[in-house]
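J.: Mind looking over this structure? Questions follow.
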Amino acid sequence: MASGPGSDAASASQKPMPSESPRTKKHTLTEEKLFYMNCRAAYLTVFKSSLENIVSKEQLYLALQHAGRNPSQKTINKYWTPQTAKLNFDDFCMILRKEKPTSKAELLKSFRQLDINDDGYILHNDLYKFLTKRGEKMTREEVNAVINLADVNADGKFDYIKFCKLYMTTNEQCLKTTLEKLEVNSKLRRQQFGSHIEGSPERDASPLPKPSPRILRKTDPESFSNKGGPRNPLLSSTRKFKTSVSLTVTMSANSHQNPKLTEPNLIKEWQCVQSKGCFFLEEDGKIISHQYKMHLAEKSMVYLTIKPLNLSQVEGKSSPWLSVDTTLYILMEHENPTNLQPMYFTELRNREVFGWTGELGPGIYWLIPSTTGCKLKKETKPVAEEALLVSRDETGELFLTKEFRSALSDIFEVIDLDGNGLLSLEEYNFFELRASGEKCDEDAWAVCRENFETKKNELTRQGFMELNLMEANDRGGDPQDLWVILHSMGYNRALKLTEACPFVIEIHAEKCKPRIKAVRMETCSGQLEQIICKFVLNKGDAKLMDGYENIIVYTYNNDSWITSVIENKSDNKLNIHVNNELSKNCVNSRGLNTYVVEVAPRSTTVCQHAMPLNERQEWIYHCVYSLIS
């Protein structure tokens, strides 16, 4: 989880911790600082240091409880899979962003479904049946523990209103205790980790005391800027760093240092094919997308592009995800799909279009889409009002609302990969795999063709609407399953596409007609990360860690983004502290200003990607990489 991009904003419902001095009281804590304060307090209640990892389900459960959550076993299993060996502090913060504290209103709403008499009580028999038969089933002992709570049980009935009040009070007290512990322990409070430290400039405006001569003699040269002044206090840390290397890149507004993407002459005479696809955000923050095979019958000049797909039907209005960066990596297949040679990638740009032009020989090529994760991130803002998906007419018949039909039409546009206005079984199965994790077989597809509008044995847009209406009717109008589908496709409860980015690939070839086919849907990590590392090592600038020739930081500066890769040539695992706090108008794929990267022995890893927040303004990428002792 630590390698996935995380969110860069969160809301915090907890009360702020008392500030340290009258000066700090003048500054209002932001929600982001409150969030990290609560994360920090909970983590340090369980562990002595932020560098300690969570190494068991029990530790994860305990840390989440101290953060005011009450995770179910299902929630724990979601983040601690059979493949999980450990989670770090950044992973913990990411989990807390997703697992919001349960509100009193949500608890009451759940219990009221069992309150037959609407009097604030649930019979013990009904409570027992519900808790042991539905949802995540509780054991008899666990249910008895609830029923035996003297304050909320009497005369064979469960007082769920009192229970909800007790539950919320206990959670608040737990959080308050952890914050008070952090406040009392000044050493822990000063400890820097995650993306925040206590002593930020906003909170610590008083001048720093002058260091003694002994401290000055021991200070690393990196402690001073090029102008000879003292280092920014944000760079101070309780961690012991063996050595550091820093890098600063200043990019002008709308900088175009690399050649701009231009179409070849006479391209209209070239043969062209296209395919659509989509980047989807997973629950853990990783990105998944379609991957493709391209076949060229003979050697030819090729012009290949990828860009976000605009679904807006309003003239002059663009889809919000058009600012998401897209890249296509070109790999040549040798003998079998496991033997792939990285060749090129679409590093030239013209507005939202990224492209590559060059000559390719005959053969099979893999096209692997990628996005940095700087702009495509998990949504953090709560939805004010949930959209209505289905309704009933005067006769009681169900129908799909206009807003839902519009969203379904856009989904149809995205999953219609070849753009012919129809869904083949292969195209529909990409949708099914995303929505339910299962494929539709030939028999089930035959049933679809019999019951819904088709053309040439492929499902029409109207047939797709009818299929979803049938889903609603099968559930008696309950939209829950429809929401599951919508969330899997990147839609929020307001029916806005916020956690996906559809794209379109175009291939022009001068000598032959290329063929392209979507063959699978994979996460943008693992193999892709190693491909990115190879390109960055080949094209990027290298910097050695001072005194450590086996540790190299590579930086690739593209027209649109910056990518850094760390190479570890040693036989030991490395922990590299990364600090971006002096960057300006800059967003990175980690979503954190400071964090720790673990680099395995004799390996390379993508440290981060960085892009401007506002391309119309100058942006500065300043990063300090420090080896943790």
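We name chains A, B, ... following the order of the structure tokens; residues begin at 1 in each chain, and ligands are numbered from 1 as shown.
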Taking 2 positions as the minimum chain separation for residues in the same chain, which residues sit within 6 Å of region 507-523 of chain A when counting only C-alpha atoms? Answer as JSON, numbers by chain.
T.: {"A": [270, 271, 272, 273, 287, 288, 289, 290, 291, 292, 293, 294, 295, 296, 300, 301, 302, 303, 304, 525]}
J.: As a PyMOL selection string, list the residues of region 257-491 of chain A assigned to alpha helix (DSSP H) by DSSP on the backbone atoms of this structure.
T.: chain A and resi 402-415+425-435+442-451+461-474+480-488
J.: Counting only C-alpha atoms, give me one row per residue of region 284-330 of chain A with an atom at most 12 Å from an atom of region 86-102 of chain A, showing the shortest contact pair and its distance in Å to one decimal, sorted by chain then residue number, as JSON lines.
T.:
{"residue": "A:Asp284", "atom": "CA", "partner": "A:Met94", "partner_atom": "CA", "distance": 7.9}
{"residue": "A:Gly285", "atom": "CA", "partner": "A:Met94", "partner_atom": "CA", "distance": 8.4}
{"residue": "A:Lys286", "atom": "CA", "partner": "A:Met94", "partner_atom": "CA", "distance": 11.7}
J.: Calculated over only C-alpha atoms, which of the candidates A:Ile54, A:Tyr625, A:Ile620, A:Arg112 has the smallest distance to Tyr554 (chain A)?
T.: A:Tyr625
J.: Go ahead and compute the interatomic distance for CA of Trp321 (chain A) and CA of Pro502 (chain A), in Å to one decimal.
T.: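 Answer for the CA of Trp321 (chain A) to CA of Pro502 (chain A) separation: 8.3 Å.
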J.: Apply DSSP to the backbone of this structure and, from region 375-469 of chain A, keep only the residues in strand (DSSP E); write these as JSON, numbers by chain.
T.: {"A": [390, 391, 392, 398, 399, 400, 454, 455, 458, 459]}
J.: Output C-alpha atoms of each residue in that selection to a file, as a JSON list (two decimals), in the first residue's frame.
T.:
[["chain", "number", "residue", "atom", "x", "y", "z"],
["A", 390, "VAL", "CA", -34.69, 5.09, -10.03],
["A", 391, "SER", "CA", -38.23, 6.26, -9.44],
["A", 392, "ARG", "CA", -41.82, 5.09, -10.06],
["A", 398, "LEU", "CA", -39.91, 1.66, -12.14],
["A", 399, "PHE", "CA", -37.93, 3.91, -14.47],
["A", 400, "LEU", "CA", -34.36, 5.20, -14.59],
["A", 454, "THR", "CA", -29.02, -5.96, -29.86],
["A", 455, "LYS", "CA", -27.59, -5.35, -33.31],
["A", 458, "GLU", "CA", -23.90, -6.83, -29.91],
["A", 459, "LEU", "CA", -25.69, -4.87, -27.21]]
J.: Write out as a ChimeraX atom specification which residues come within 10 Å of Asn457 (chain A) when counting only C-alpha atoms, dropping same-chain ones fewer than 3 positions away.
T.: /A:422-425,445-446,448-450,453-454,460
J.: Please, what distance in Å, to one decimal, runs between CA of Asp159 (chain A) and CA of Leu62 (chain A)?
T.: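 Between these atoms lies a distance of 27.2 Å.
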J.: Would you please work out which residue, of A:Phe431, A:Tyr167, A:Phe111, A:Tyr365, is nearest to Glu413 (chain A) when using only C-alpha atoms?
T.: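 Comparing A:Phe431, A:Tyr167, A:Phe111, A:Tyr365 against Glu413 (chain A), the winner is A:Phe431.
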J.: Would you list the contacts of Lys307 (chain A) as number ranges by chain, taking every protein, DNA or RNA residue within 7 Å and counting only C-alpha atoms, but skipping same-chain residues closer than 3 positions in sequence?
T.: A: 326, 352-354, 503-505
J.: I need the residues from that last selection saved to file as a PDB file, in the first residue's frame (with N, CA, C and O atoms), if you can.
T.:
ATOM      1  N   THR A 326      -1.635  11.612 -19.230  1.00  0.00           N
ATOM      2  CA  THR A 326      -1.702  10.249 -19.752  1.00  0.00           C
ATOM      3  C   THR A 326      -0.420   9.943 -20.524  1.00  0.00           C
ATOM      4  O   THR A 326       0.129  10.812 -21.201  1.00  0.00           O
ATOM      5  N   GLU A 352      -3.664  18.510 -24.237  1.00  0.00           N
ATOM      6  CA  GLU A 352      -3.908  17.294 -23.455  1.00  0.00           C
ATOM      7  C   GLU A 352      -3.480  16.025 -24.185  1.00  0.00           C
ATOM      8  O   GLU A 352      -3.623  14.915 -23.658  1.00  0.00           O
ATOM      9  N   VAL A 353      -2.924  16.160 -25.391  1.00  0.00           N
ATOM     10  CA  VAL A 353      -2.519  14.998 -26.199  1.00  0.00           C
ATOM     11  C   VAL A 353      -1.035  14.702 -25.975  1.00  0.00           C
ATOM     12  O   VAL A 353      -0.193  15.583 -26.082  1.00  0.00           O
ATOM     13  N   PHE A 354      -0.724  13.439 -25.647  1.00  0.00           N
ATOM     14  CA  PHE A 354       0.661  12.986 -25.540  1.00  0.00           C
ATOM     15  C   PHE A 354       0.920  12.002 -26.680  1.00  0.00           C
ATOM     16  O   PHE A 354       0.084  11.132 -26.951  1.00  0.00           O
ATOM     17  N   PHE A 503      -9.875   7.434 -21.529  1.00  0.00           N
ATOM     18  CA  PHE A 503      -8.919   7.953 -22.510  1.00  0.00           C
ATOM     19  C   PHE A 503      -9.156   7.301 -23.868  1.00  0.00           C
ATOM     20  O   PHE A 503      -9.906   6.313 -23.991  1.00  0.00           O
ATOM     21  N   VAL A 504      -8.518   7.848 -24.878  1.00  0.00           N
ATOM     22  CA  VAL A 504      -8.608   7.284 -26.224  1.00  0.00           C
ATOM     23  C   VAL A 504      -7.210   7.226 -26.824  1.00  0.00           C
ATOM     24  O   VAL A 504      -6.416   8.166 -26.697  1.00  0.00           O
ATOM     25  N   ILE A 505      -6.898   6.096 -27.446  1.00  0.00           N
ATOM     26  CA  ILE A 505      -5.612   5.879 -28.118  1.00  0.00           C
ATOM     27  C   ILE A 505      -5.852   5.891 -29.616  1.00  0.00           C
ATOM     28  O   ILE A 505      -6.795   5.246 -30.115  1.00  0.00           O
TER      29      ILE A 505
END
J.: For the atom pair CA of Gly476 (chain A) and CA of Gln113 (chain A), what is the interatomic distance in Å to one decimal place?
T.: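 That distance, rounded to one decimal, is 17.7 Å.
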J.: Let me make sure I understand: among A:Thr248, A:Thr605, A:Thr357, A:Ser488, which one has the smallest atom-to-atom distance to Cys623 (chain A) if we use only C-alpha atoms?
T.: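 Looking at the shortest contact to Cys623 (chain A), the residue is A:Thr248.
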J.: What lies within 9 Å of Gln608 (chain A) using only C-alpha atoms, ignoring chain neighbours under 5 positions off, as a list in words?
T.: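 In the requested format, the answer is Pro5, Thr372, Ile562, Thr563, Ser564, Val565, Asn588, Ser589 and Arg590 of chain A.
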J.: Please provide as a VMD selection string all residues within 7 Å of Tyr121 (chain A), with the sequence filter that same-chain residues fewer than 5 positions apart are discarded (counting only C-alpha atoms).
T.: chain A and resid 115 157 to 160
J.: Take the residues from that selection and write them out as a PDB file, in the first residue's frame, keeping all heavy atoms.
T.:
ATOM      1  N   ASP A 115     -36.257  -1.562  15.089  1.00  0.00           N
ATOM      2  CA  ASP A 115     -37.164  -1.036  16.123  1.00  0.00           C
ATOM      3  C   ASP A 115     -38.609  -1.144  15.624  1.00  0.00           C
ATOM      4  O   ASP A 115     -39.161  -0.213  15.031  1.00  0.00           O
ATOM      5  CB  ASP A 115     -36.789   0.408  16.441  1.00  0.00           C
ATOM      6  CG  ASP A 115     -37.599   0.973  17.599  1.00  0.00           C
ATOM      7  OD1 ASP A 115     -38.466   0.245  18.125  1.00  0.00           O
ATOM      8  OD2 ASP A 115     -37.364   2.135  17.961  1.00  0.00           O
ATOM      9  N   LYS A 157     -34.899  -6.017  26.747  1.00  0.00           N
ATOM     10  CA  LYS A 157     -34.850  -5.072  25.626  1.00  0.00           C
ATOM     11  C   LYS A 157     -33.524  -4.312  25.634  1.00  0.00           C
ATOM     12  O   LYS A 157     -32.932  -4.062  26.686  1.00  0.00           O
ATOM     13  CB  LYS A 157     -36.022  -4.089  25.695  1.00  0.00           C
ATOM     14  CG  LYS A 157     -37.384  -4.729  25.456  1.00  0.00           C
ATOM     15  CD  LYS A 157     -38.488  -3.690  25.351  1.00  0.00           C
ATOM     16  CE  LYS A 157     -38.733  -2.977  26.670  1.00  0.00           C
ATOM     17  NZ  LYS A 157     -39.898  -2.050  26.562  1.00  0.00           N
ATOM     18  N   PHE A 158     -33.125  -3.934  24.420  1.00  0.00           N
ATOM     19  CA  PHE A 158     -31.864  -3.221  24.204  1.00  0.00           C
ATOM     20  C   PHE A 158     -32.181  -1.753  23.894  1.00  0.00           C
ATOM     21  O   PHE A 158     -32.872  -1.446  22.919  1.00  0.00           O
ATOM     22  CB  PHE A 158     -31.111  -3.870  23.033  1.00  0.00           C
ATOM     23  CG  PHE A 158     -29.874  -3.155  22.577  1.00  0.00           C
ATOM     24  CD1 PHE A 158     -28.746  -3.082  23.384  1.00  0.00           C
ATOM     25  CD2 PHE A 158     -29.828  -2.561  21.317  1.00  0.00           C
ATOM     26  CE1 PHE A 158     -27.596  -2.442  22.935  1.00  0.00           C
ATOM     27  CE2 PHE A 158     -28.695  -1.915  20.871  1.00  0.00           C
ATOM     28  CZ  PHE A 158     -27.569  -1.852  21.683  1.00  0.00           C
ATOM     29  N   ASP A 159     -31.688  -0.825  24.722  1.00  0.00           N
ATOM     30  CA  ASP A 159     -31.902   0.613  24.536  1.00  0.00           C
ATOM     31  C   ASP A 159     -30.818   1.137  23.599  1.00  0.00           C
ATOM     32  O   ASP A 159     -29.736   1.532  24.030  1.00  0.00           O
ATOM     33  CB  ASP A 159     -31.837   1.313  25.893  1.00  0.00           C
ATOM     34  CG  ASP A 159     -32.228   2.794  25.800  1.00  0.00           C
ATOM     35  OD1 ASP A 159     -32.112   3.366  24.696  1.00  0.00           O
ATOM     36  OD2 ASP A 159     -32.624   3.381  26.827  1.00  0.00           O
ATOM     37  N   TYR A 160     -31.116   1.134  22.290  1.00  0.00           N
ATOM     38  CA  TYR A 160     -30.071   1.475  21.318  1.00  0.00           C
ATOM     39  C   TYR A 160     -29.751   2.977  21.312  1.00  0.00           C
ATOM     40  O   TYR A 160     -28.644   3.380  20.892  1.00  0.00           O
ATOM     41  CB  TYR A 160     -30.447   0.996  19.912  1.00  0.00           C
ATOM     42  CG  TYR A 160     -31.650   1.629  19.279  1.00  0.00           C
ATOM     43  CD1 TYR A 160     -31.552   2.833  18.604  1.00  0.00           C
ATOM     44  CD2 TYR A 160     -32.892   1.004  19.319  1.00  0.00           C
ATOM     45  CE1 TYR A 160     -32.664   3.408  17.993  1.00  0.00           C
ATOM     46  CE2 TYR A 160     -34.007   1.567  18.727  1.00  0.00           C
ATOM     47  CZ  TYR A 160     -33.878   2.770  18.054  1.00  0.00           C
ATOM     48  OH  TYR A 160     -34.977   3.339  17.446  1.00  0.00           O
TER      49      TYR A 160
END
